[in-house]
file query06.txt (compact mmCIF, C-alpha atoms)
# COMPACT_ATOMS: atom_id res chain seq x y z
CA MET S 1 10.95 -28.08 21.32
CA GLY S 2 12.58 -31.21 19.95
CA THR S 3 9.32 -33.16 19.82
CA ASP S 4 7.70 -30.24 18.07
CA ARG S 5 9.56 -30.92 14.85
CA GLN S 6 8.25 -34.48 14.61
CA ALA S 7 4.69 -33.73 15.71
CA PRO S 8 2.03 -33.99 12.98
CA ALA S 9 0.52 -30.65 12.06
CA GLY S 10 -3.11 -31.67 12.59
CA GLY S 11 -6.06 -29.44 11.69
CA GLY S 12 -6.99 -28.77 15.32
CA ARG S 13 -3.48 -27.73 16.21
CA ARG S 14 -3.25 -25.47 13.16
CA ALA S 15 -6.55 -23.84 14.10
CA LEU S 16 -5.32 -23.25 17.65
CA MET S 17 -2.10 -21.64 16.45
CA LEU S 18 -4.01 -19.47 13.95
CA THR S 19 -6.44 -18.38 16.69
CA LEU S 20 -3.60 -17.46 19.07
CA ALA S 21 -1.78 -15.52 16.35
CA THR S 22 -4.93 -13.62 15.35
CA LEU S 23 -5.68 -12.75 18.98
CA GLY S 24 -2.11 -11.54 19.43
CA PHE S 25 -2.41 -9.34 16.35
CA ALA S 26 -5.71 -7.85 17.57
CA VAL S 27 -4.51 -7.21 21.14
CA ASN S 28 -1.25 -5.57 20.07
CA PHE S 29 -3.00 -3.46 17.42
CA TRP S 30 -5.50 -2.38 20.07
CA ALA S 31 -2.59 -1.11 22.16
CA TRP S 32 -0.86 0.40 19.11
CA ALA S 33 -3.93 2.52 18.28
CA LEU S 34 -4.63 3.89 21.78
CA LEU S 35 -3.41 7.44 21.11
CA SER S 36 -5.38 8.16 17.93
CA PRO S 37 -8.88 8.33 19.51
CA LEU S 38 -7.52 10.59 22.28
CA GLY S 39 -5.88 13.05 19.87
CA PRO S 40 -8.66 15.69 20.19
CA ARG S 41 -8.57 15.35 24.00
CA PHE S 42 -4.81 15.90 24.16
CA LYS S 43 -5.16 18.80 21.74
CA ASP S 44 -7.49 20.57 24.19
CA LEU S 45 -5.66 19.58 27.38
CA LEU S 46 -2.17 20.49 26.18
CA SER S 47 -3.15 23.27 23.71
CA LEU S 48 -1.58 21.40 20.80
CA SER S 49 -1.53 22.76 17.27
CA ALA S 50 -3.01 20.66 14.47
CA SER S 51 0.49 19.65 13.34
CA GLN S 52 1.48 18.62 16.89
CA GLN S 53 -1.68 16.53 17.19
CA ALA S 54 -0.92 14.90 13.84
CA LEU S 55 2.67 14.16 14.96
CA LEU S 56 1.41 12.59 18.19
CA VAL S 57 -0.83 10.18 16.26
CA ALA S 58 1.80 9.54 13.58
CA VAL S 59 4.77 8.56 15.77
CA PRO S 60 3.53 5.10 16.87
CA VAL S 61 2.37 4.35 13.31
CA ILE S 62 5.76 5.23 11.81
CA VAL S 63 7.70 3.24 14.42
CA GLY S 64 5.30 0.30 14.14
CA SER S 65 5.62 0.30 10.36
CA LEU S 66 9.41 0.62 10.10
CA GLY S 67 9.94 -1.70 13.07
CA ARG S 68 8.37 -4.53 11.08
CA ILE S 69 11.52 -4.77 8.98
CA PRO S 70 13.88 -6.04 11.74
CA VAL S 71 11.06 -7.85 13.58
CA GLY S 72 10.17 -9.85 10.47
CA ALA S 73 13.80 -10.90 10.05
CA LEU S 74 14.03 -11.81 13.75
CA THR S 75 10.89 -13.93 13.40
CA ASP S 76 12.51 -15.90 10.58
CA ARG S 77 15.34 -16.64 13.01
CA PHE S 78 13.61 -17.17 16.38
CA GLY S 79 10.03 -18.04 15.40
CA GLY S 80 6.65 -16.71 16.47
CA ARG S 81 6.66 -18.77 19.67
CA VAL S 82 9.36 -16.45 21.03
CA MET S 83 8.42 -13.22 19.26
CA PHE S 84 4.66 -13.05 20.00
CA PRO S 85 5.04 -13.05 23.82
CA LEU S 86 8.16 -10.87 23.58
CA ILE S 87 6.45 -8.12 21.53
CA SER S 88 3.33 -8.29 23.73
CA ALA S 89 5.32 -8.01 26.97
CA ALA S 90 7.46 -5.17 25.59
CA THR S 91 4.33 -3.21 24.58
CA ILE S 92 3.05 -3.26 28.18
CA VAL S 93 5.81 -0.83 29.24
CA PRO S 94 4.80 2.16 27.05
CA VAL S 95 1.09 1.44 27.63
CA LEU S 96 1.56 1.73 31.40
CA PHE S 97 3.89 4.73 31.04
CA ILE S 98 1.34 6.70 29.01
CA GLY S 99 -1.56 5.63 31.21
CA LEU S 100 0.06 6.43 34.55
CA ALA S 101 2.65 9.14 33.91
CA GLY S 102 2.88 10.21 30.29
CA GLN S 103 -0.15 12.43 29.66
CA GLY S 104 1.12 15.64 31.20
CA SER S 105 3.20 16.94 28.29
CA LEU S 106 3.66 16.53 24.55
CA ALA S 107 7.27 15.35 25.07
CA ALA S 108 6.18 12.53 27.40
CA LEU S 109 3.42 11.48 24.99
CA LEU S 110 5.86 11.41 22.08
CA VAL S 111 8.31 9.23 24.03
CA GLY S 112 5.50 6.89 25.05
CA GLY S 113 4.12 6.89 21.52
CA PHE S 114 7.53 6.00 20.10
CA PHE S 115 7.75 2.84 22.19
CA LEU S 116 4.05 2.14 21.72
CA GLY S 117 5.02 1.58 18.09
CA ILE S 118 6.46 -1.80 19.16
CA GLY S 119 2.90 -3.17 19.21
CA GLY S 120 2.50 -2.37 15.52
CA THR S 121 5.41 -4.64 14.55
CA VAL S 122 3.49 -7.80 15.53
CA PHE S 123 2.10 -8.12 12.00
CA ALA S 124 5.55 -9.18 10.79
CA VAL S 125 5.57 -11.94 13.43
CA GLY S 126 2.21 -13.44 12.54
CA VAL S 127 2.48 -13.85 8.76
CA PRO S 128 5.57 -16.13 8.73
CA PHE S 129 4.27 -17.96 11.83
CA VAL S 130 0.90 -18.75 10.21
CA ASN S 131 2.47 -19.34 6.80
CA ALA S 132 4.67 -22.13 8.22
CA TRP S 133 1.70 -23.92 9.82
CA PHE S 134 -0.41 -24.24 6.64
CA PRO S 135 0.11 -25.97 3.28
CA PRO S 136 0.48 -23.70 0.22
CA GLU S 137 -3.09 -24.26 -1.02
CA ARG S 138 -4.56 -22.97 2.29
CA ARG S 139 -2.18 -20.16 3.15
CA GLY S 140 -4.20 -17.39 1.52
CA LEU S 141 -7.24 -18.01 3.73
CA ALA S 142 -5.11 -18.62 6.84
CA VAL S 143 -3.05 -15.45 6.45
CA GLY S 144 -6.25 -13.56 5.59
CA ILE S 145 -7.91 -14.74 8.82
CA PHE S 146 -4.81 -13.67 10.74
CA GLY S 147 -4.94 -10.30 8.98
CA ALA S 148 -8.45 -9.73 10.33
CA GLY S 149 -6.69 -9.06 13.62
CA MET S 150 -6.13 -5.55 12.32
CA GLY S 151 -9.64 -5.04 13.68
CA GLY S 152 -7.87 -4.38 16.99
CA THR S 153 -7.70 -0.77 15.83
CA ALA S 154 -11.51 -0.75 15.77
CA ILE S 155 -11.60 -1.97 19.41
CA SER S 156 -9.47 1.02 20.32
CA ALA S 157 -11.58 3.43 18.27
CA LEU S 158 -14.84 2.23 19.82
CA THR S 159 -13.76 1.87 23.47
CA THR S 160 -10.92 4.27 24.37
CA VAL S 161 -12.85 7.54 24.67
CA LYS S 162 -15.78 5.80 26.42
CA LEU S 163 -13.43 4.22 28.97
CA VAL S 164 -11.83 7.59 29.72
CA LYS S 165 -15.26 9.15 30.26
CA SER S 166 -16.57 6.30 32.43
CA GLY S 167 -13.34 5.93 34.42
CA ASP S 168 -10.35 8.24 34.15
CA SER S 169 -7.48 8.97 31.76
CA ALA S 170 -5.59 5.82 32.82
CA THR S 171 -8.48 3.33 32.45
CA PRO S 172 -8.09 2.24 28.80
CA PHE S 173 -4.31 1.90 29.22
CA LEU S 174 -4.59 -0.23 32.38
CA ILE S 175 -7.17 -2.54 30.80
CA THR S 176 -5.04 -2.94 27.66
CA ALA S 177 -1.92 -3.66 29.75
CA VAL S 178 -3.74 -6.44 31.63
CA VAL S 179 -4.96 -8.00 28.36
CA LEU S 180 -1.43 -7.81 26.88
CA ALA S 181 0.02 -9.48 29.97
CA LEU S 182 -2.55 -12.30 29.87
CA TYR S 183 -1.88 -12.86 26.18
CA ALA S 184 1.91 -12.86 26.69
CA VAL S 185 1.61 -15.60 29.33
CA VAL S 186 -0.85 -17.74 27.33
CA SER S 187 1.12 -17.45 24.09
CA TRP S 188 4.37 -18.38 25.86
CA LEU S 189 2.77 -21.47 27.41
CA VAL S 190 0.66 -22.67 24.48
CA MET S 191 2.20 -21.42 21.23
CA ARG S 192 4.56 -23.64 19.23
CA ASP S 193 6.31 -23.06 15.93
CA ALA S 194 5.35 -25.28 13.01
CA PRO S 195 7.05 -28.70 12.75
CA GLY S 196 10.03 -28.55 10.42
CA ARG S 197 10.12 -24.74 10.34
CA THR S 198 12.95 -23.49 8.10
CA VAL S 199 15.48 -21.55 10.16
CA PRO S 200 17.82 -19.32 8.11
CA ALA S 201 21.55 -19.57 8.74
CA GLN S 202 22.51 -16.12 7.43
CA PRO S 203 23.06 -13.18 9.81
CA LEU S 204 20.18 -10.69 10.11
CA MET S 205 21.70 -7.90 8.00
CA ALA S 206 22.73 -10.32 5.25
CA ARG S 207 19.17 -11.70 5.14
CA LEU S 208 17.67 -8.22 4.95
CA ALA S 209 20.05 -7.32 2.12
CA ALA S 210 19.12 -10.52 0.25
CA THR S 211 15.42 -9.88 0.84
CA ALA S 212 15.72 -6.35 -0.54
CA LYS S 213 17.02 -7.82 -3.82
CA LEU S 214 13.99 -10.08 -4.34
CA PRO S 215 11.54 -8.74 -6.97
CA ILE S 216 8.54 -9.95 -4.91
CA THR S 217 9.62 -7.71 -2.02
CA TRP S 218 9.23 -4.46 -3.95
CA GLN S 219 6.30 -5.56 -6.07
CA ALA S 220 4.28 -6.68 -3.04
CA SER S 221 5.34 -3.49 -1.22
CA ILE S 222 3.71 -1.37 -3.94
CA LEU S 223 0.55 -3.50 -3.94
CA TYR S 224 0.27 -3.38 -0.15
CA ALA S 225 1.06 0.34 0.04
CA VAL S 226 -1.98 0.98 -2.18
CA ALA S 227 -4.32 -1.66 -0.67
CA PHE S 228 -3.55 -1.51 3.04
CA GLY S 229 -2.28 2.06 2.82
CA GLY S 230 -5.61 3.06 1.32
CA TYR S 231 -7.45 1.33 4.14
CA VAL S 232 -5.30 3.05 6.80
CA ALA S 233 -5.71 6.42 5.10
CA PHE S 234 -9.50 6.21 4.98
CA SER S 235 -9.81 4.83 8.49
CA VAL S 236 -7.87 7.88 9.70
CA TYR S 237 -9.24 10.54 7.36
CA LEU S 238 -12.81 9.45 6.65
CA PRO S 239 -14.42 11.20 9.68
CA ALA S 240 -12.83 14.54 8.71
CA TYR S 241 -13.86 14.03 5.06
CA LEU S 242 -17.47 13.20 5.96
CA GLN S 243 -17.77 16.17 8.32
CA THR S 244 -16.31 18.59 5.76
CA ALA S 245 -17.88 17.27 2.55
CA TYR S 246 -21.28 16.25 3.93
CA GLY S 247 -21.65 18.20 7.18
CA LEU S 248 -22.09 15.12 9.37
CA GLU S 249 -21.85 15.27 13.14
CA GLN S 250 -18.64 13.88 14.69
CA ALA S 251 -20.37 10.82 16.22
CA ASP S 252 -22.15 9.96 12.94
CA ALA S 253 -18.90 10.31 10.98
CA ALA S 254 -17.04 8.12 13.51
CA ASN S 255 -19.71 5.40 13.29
CA ARG S 256 -19.51 5.38 9.50
CA MET S 257 -15.72 5.11 9.72
CA ALA S 258 -16.13 2.10 12.04
CA GLY S 259 -18.39 0.48 9.43
CA PHE S 260 -15.74 1.09 6.75
CA VAL S 261 -13.06 -0.49 8.96
CA LEU S 262 -15.13 -3.54 9.92
CA LEU S 263 -16.09 -4.27 6.30
CA ALA S 264 -12.42 -4.07 5.24
CA VAL S 265 -11.46 -6.39 8.11
CA MET S 266 -14.12 -8.96 7.15
CA LEU S 267 -13.07 -8.92 3.49
CA ARG S 268 -9.40 -9.57 4.24
CA PRO S 269 -9.83 -13.35 4.83
CA ILE S 270 -12.19 -13.51 1.85
CA GLY S 271 -9.44 -11.98 -0.30
CA GLY S 272 -7.10 -14.72 0.93
CA TRP S 273 -9.70 -17.44 0.30
CA LEU S 274 -10.38 -16.19 -3.23
CA SER S 275 -6.63 -16.17 -3.83
CA ASP S 276 -6.43 -19.84 -2.82
CA ARG S 277 -9.20 -20.65 -5.31
CA PHE S 278 -8.37 -18.42 -8.28
CA GLY S 279 -4.81 -17.25 -7.62
CA PRO S 280 -3.76 -13.96 -5.99
CA LEU S 281 -3.05 -12.11 -9.26
CA PRO S 282 -6.62 -12.21 -10.70
CA VAL S 283 -7.97 -11.17 -7.28
CA LEU S 284 -5.52 -8.26 -6.99
CA THR S 285 -6.29 -7.09 -10.52
CA ALA S 286 -10.04 -7.07 -9.82
CA VAL S 287 -9.49 -5.33 -6.47
CA PHE S 288 -7.60 -2.39 -7.92
CA VAL S 289 -9.99 -1.98 -10.86
CA VAL S 290 -12.96 -1.88 -8.46
CA ALA S 291 -11.15 0.59 -6.15
CA ALA S 292 -10.37 2.82 -9.15
CA VAL S 293 -14.02 2.88 -10.27
CA ALA S 294 -15.32 3.59 -6.74
CA ALA S 295 -12.78 6.39 -6.15
CA ALA S 296 -13.61 7.94 -9.54
CA ALA S 297 -17.32 7.90 -8.67
CA GLN S 298 -16.70 9.50 -5.28
CA ALA S 299 -14.54 12.22 -6.85
CA PHE S 300 -17.79 13.83 -8.03
CA THR S 301 -19.02 14.05 -4.37
CA PRO S 302 -22.36 12.36 -5.07
CA ALA S 303 -25.19 12.32 -2.55
CA LEU S 304 -24.13 10.36 0.52
CA MET S 305 -27.22 8.14 0.27
CA PRO S 306 -27.01 5.91 -1.62
CA VAL S 307 -24.15 6.57 -4.09
CA GLY S 308 -21.52 7.95 -1.72
CA THR S 309 -22.14 5.20 0.84
CA ILE S 310 -21.97 2.51 -1.84
CA ALA S 311 -18.73 3.99 -3.21
CA PHE S 312 -17.00 4.02 0.18
CA LEU S 313 -18.21 0.56 1.20
CA THR S 314 -17.10 -0.79 -2.18
CA MET S 315 -13.65 0.74 -1.63
CA ALA S 316 -13.52 -0.77 1.87
CA ALA S 317 -14.36 -4.23 0.52
CA ALA S 318 -11.83 -3.95 -2.31
CA LEU S 319 -8.98 -2.64 -0.14
CA GLY S 320 -9.63 -5.27 2.53
CA ALA S 321 -9.66 -8.10 -0.01
CA GLY S 322 -6.55 -6.65 -1.66
CA SER S 323 -4.68 -6.67 1.65
CA GLY S 324 -5.46 -10.36 2.08
CA ALA S 325 -4.56 -11.21 -1.52
CA THR S 326 -1.19 -9.42 -1.29
CA PHE S 327 0.03 -11.76 1.45
CA ALA S 328 -1.41 -14.76 -0.34
CA LEU S 329 0.96 -13.71 -3.14
CA VAL S 330 3.86 -13.36 -0.66
CA ALA S 331 3.13 -16.84 0.75
CA GLN S 332 3.13 -18.25 -2.78
CA VAL S 333 6.20 -16.52 -4.20
CA ALA S 334 8.59 -15.62 -1.34
CA PRO S 335 11.34 -18.11 -0.39
CA THR S 336 10.33 -20.14 2.68
CA ASP S 337 13.18 -18.94 4.88
CA LYS S 338 12.55 -15.28 3.99
CA VAL S 339 8.78 -14.97 4.46
CA GLY S 340 9.27 -12.99 7.68
CA SER S 341 11.84 -10.66 6.13
CA VAL S 342 9.66 -10.04 3.06
CA THR S 343 6.62 -9.53 5.30
CA GLY S 344 8.52 -6.96 7.36
CA LEU S 345 9.41 -4.84 4.35
CA VAL S 346 5.98 -5.20 2.72
CA GLY S 347 4.21 -4.50 6.02
CA ALA S 348 6.31 -1.37 6.49
CA ALA S 349 5.33 -0.18 3.02
CA GLY S 350 1.64 -0.70 3.83
CA GLY S 351 1.84 1.20 7.10
CA LEU S 352 3.75 4.08 5.59
CA GLY S 353 1.46 4.06 2.56
CA GLY S 354 -1.33 5.16 4.85
CA PHE S 355 0.40 8.48 5.50
CA VAL S 356 0.57 9.81 1.98
CA PRO S 357 -3.15 10.01 1.04
CA PRO S 358 -4.27 12.04 4.12
CA LEU S 359 -1.42 14.50 3.57
CA VAL S 360 -2.30 14.83 -0.12
CA MET S 361 -6.02 15.14 0.61
CA GLY S 362 -5.42 17.81 3.25
CA PHE S 363 -3.08 19.77 0.97
CA ILE S 364 -5.48 19.61 -2.00
CA TYR S 365 -8.43 20.68 0.14
CA GLY S 366 -6.39 23.58 1.49
CA GLN S 367 -5.48 24.68 -2.03
CA PHE S 368 -8.76 24.11 -3.87
CA GLY S 369 -11.44 23.74 -1.19
CA SER S 370 -12.42 20.35 -2.65
CA TYR S 371 -11.44 16.69 -2.21
CA ALA S 372 -12.32 15.80 -5.82
CA LEU S 373 -8.76 15.95 -7.17
CA GLY S 374 -7.46 13.80 -4.30
CA LEU S 375 -10.02 11.08 -5.00
CA ALA S 376 -9.29 11.31 -8.72
CA LEU S 377 -5.59 10.73 -7.93
CA LEU S 378 -6.55 7.66 -5.88
CA ALA S 379 -8.50 6.35 -8.88
CA VAL S 380 -5.47 6.85 -11.15
CA VAL S 381 -3.08 5.19 -8.68
CA SER S 382 -5.42 2.19 -8.30
CA ALA S 383 -5.72 1.83 -12.06
CA LEU S 384 -1.93 2.00 -12.51
CA THR S 385 -1.50 -0.62 -9.77
CA ALA S 386 -3.91 -2.93 -11.64
CA VAL S 387 -1.76 -2.50 -14.76
CA LEU S 388 1.40 -3.26 -12.74
CA THR S 389 -0.26 -6.43 -11.41
CA VAL S 390 -1.13 -7.86 -14.83
CA THR S 391 2.26 -7.01 -16.35
CA VAL S 392 5.35 -6.86 -14.12
CA VAL S 393 4.04 -8.82 -11.12
CA ARG S 394 2.50 -11.56 -13.24
CA ALA S 395 5.70 -11.99 -15.25
CA ALA S 396 7.79 -12.24 -12.09
CA ALA S 397 5.39 -14.79 -10.54
CA ARG S 398 5.55 -16.93 -13.67
CA ARG S 399 9.38 -16.85 -13.62
CA ARG S 400 9.35 -17.90 -9.97
CA ALA S 401 6.88 -20.74 -10.66
CA ALA S 402 8.99 -21.95 -13.63
CA ALA S 403 12.17 -21.89 -11.54
CA SER S 404 10.46 -23.85 -8.75
CA ALA S 405 9.14 -26.43 -11.21
CA THR S 406 12.60 -26.84 -12.75
CA ALA S 407 14.17 -27.33 -9.32
CA ALA S 408 11.50 -29.87 -8.35
CA ALA S 409 11.99 -31.83 -11.58
CA ARG S 410 15.78 -31.99 -11.25
CA PRO S 411 16.80 -35.63 -10.68
CA VAL S 412 18.34 -36.56 -7.33
CA PRO S 413 21.79 -38.20 -7.80
CA SER S 414 21.77 -41.88 -6.93
CA VAL S 415 24.14 -43.06 -4.22
CA THR S 416 23.49 -46.79 -4.55
CA GLY S 417 26.16 -49.01 -6.11
CA HIS S 418 29.10 -46.74 -5.23
call {"tool": "encode", "arguments": {"input": "query06.txt", "output": "structure tokens"}}
result
Amino acid sequence: MGTDRQAPAGGGRRALMLTLATLGFAVNFWAWALLSPLGPRFKDLLSLSASQQALLVAVPVIVGSLGRIPVGALTDRFGGRVMFPLISAATIVPVLFIGLAGQGSLAALLVGGFFLGIGGTVFAVGVPFVNAWFPPERRGLAVGIFGAGMGGTAISALTTVKLVKSGDSATPFLITAVVLALYAVVSWLVMRDAPGRTVPAQPLMARLAATAKLPITWQASILYAVAFGGYVAFSVYLPAYLQTAYGLEQADAANRMAGFVLLAVMLRPIGGWLSDRFGPLPVLTAVFVVAAVAAAAQAFTPALMPVGTIAFLTMAAALGAGSGATFALVAQVAPTDKVGSVTGLVGAAGGLGGFVPPLVMGFIYGQFGSYALGLALLAVVSALTAVLTVTVVRAAARRRAAASATAAARPVPSVTGH
């Protein structure tokens, strides 16, 4: 580890570290999302109510979201080289438990799902790890590429049910456990933290308290709750919406949801790249304006082809790009030794933000028999977030930039001649 601090951070080494981090994100998110595709199966097998099925799917997401807060702070302290293999190895335990012994009762599935949430915390490991490896002018693209690892949820969505049908109920869990184990070994042997990584001296709780007082923490949390939360909400709720509003078959609705997810994943690095070129604030403003327009158009439930499809794909592109741009903003504004802590809180806000829209949409449909009001609310929230970006967030970013410039211009006291 000592030679690591003096080693030059060459482009090839950076690319290797970014690749390993992105793979780790994808593999752990694959494991994190294993229960969601099997929800209907467990509902039939265990005679679960709709609320019990929803709870089963929600538990790993809640734990994975809230768990990012301490994991991000721990990553600031111990680095991604320790935390990536640790999180991956820890996730193997609940994956094997559910696959081999935990599918016989709701209680066992909930316990397994709780610990499965560990896999969802890996996001808070990767952002500070990647951030430290890249110079400021390239962090947006780098963190955006890492963020594309959220496509691991698509791997789960597309393979889990098929693996159960072609094998048995344990097959997807055993395969995922093997992949996690291989990744844990490779990351432990190959991964290294960036040369000269800033290690905070404060205790964990003191750092979390200091992070909570930073304006960027709460501003980025709101932006990410809308951008990534919107993506999560639609990836979960879109099949039900398409079946109800347009009468699509389950398989057709699931395929369209997969297209929505993949487009959002592809646009995440592009959002980071655009942020490197034009700044994260203009990108975020455009993203939320576009999302507001698309949601407003869809509120009228237009024909699925072409207007409805265009509206949803436009929202997917905007929300994906917005997710990438949010962490380009974090990389630009957050203090170097608190990037992990800020990422943990912001990542938690994004994960939890995905819960509110499906609940609201379900409630509104139950009350009015229509999704129009829910989509109209999304349009309003997106528009208000755009206003927040160009006012409060922009002012805070300018203050931070001015303070950094002042600190950089401050003369260093001379020690010669004394």
call {"tool": "residues_near_point", "arguments": {"input": "query06.txt", "point": "(3.3, 13.4, 21.3)", "cutoff": "10 Å", "atoms": "all atoms listed in the file", "output": "list of chain:residue names"}}
result
S:Leu35, S:Gly39, S:Phe42, S:Leu48, S:Gln52, S:Gln53, S:Ala54, S:Leu55, S:Leu56, S:Val57, S:Ala58, S:Val59, S:Pro60, S:Gly102, S:Gln103, S:Ser105, S:Leu106, S:Ala107, S:Ala108, S:Leu109, S:Leu110, S:Val111, S:Gly112, S:Gly113, S:Phe114
call {"tool": "residues_around", "arguments": {"input": "query06.txt", "residues": "Gly126 in chain S", "least_positions_apart": "4", "cutoff": "8 Å", "atoms": "only C-alpha atoms", "output": "list in words"}}
result
Ala21, Thr22, Phe25, Gly80, Phe84, Val122, Val130 and Phe146 of chain S
call {"tool": "atom_distance", "arguments": {"input": "query06.txt", "atom1": "CA of Ile118 in chain S", "atom2": "CA of Ala254 in chain S"}}
result
26.1 Å
call {"tool": "closest_residue", "arguments": {"input": "query06.txt", "among": "S:Asn131, S:Thr153, S:Ser88, S:Thr121", "to": "Val232 in chain S", "atoms": "only C-alpha atoms"}}
result
S:Thr153
call {"tool": "closest_residue", "arguments": {"input": "query06.txt", "among": "S:Gln298, S:Thr217, S:Thr385, S:Thr244", "to": "Gly366 in chain S", "atoms": "all atoms listed in the file"}}
result
S:Thr244
call {"tool": "closest_residue", "arguments": {"input": "query06.txt", "among": "S:Ser404, S:Val161, S:Met305, S:Phe228", "to": "Ala317 in chain S", "atoms": "all atoms listed in the file"}}
result
S:Phe228
call {"tool": "atom_distance", "arguments": {"input": "query06.txt", "atom1": "CA of Gly152 in chain S", "atom2": "CA of Leu208 in chain S"}}
result
28.5 Å
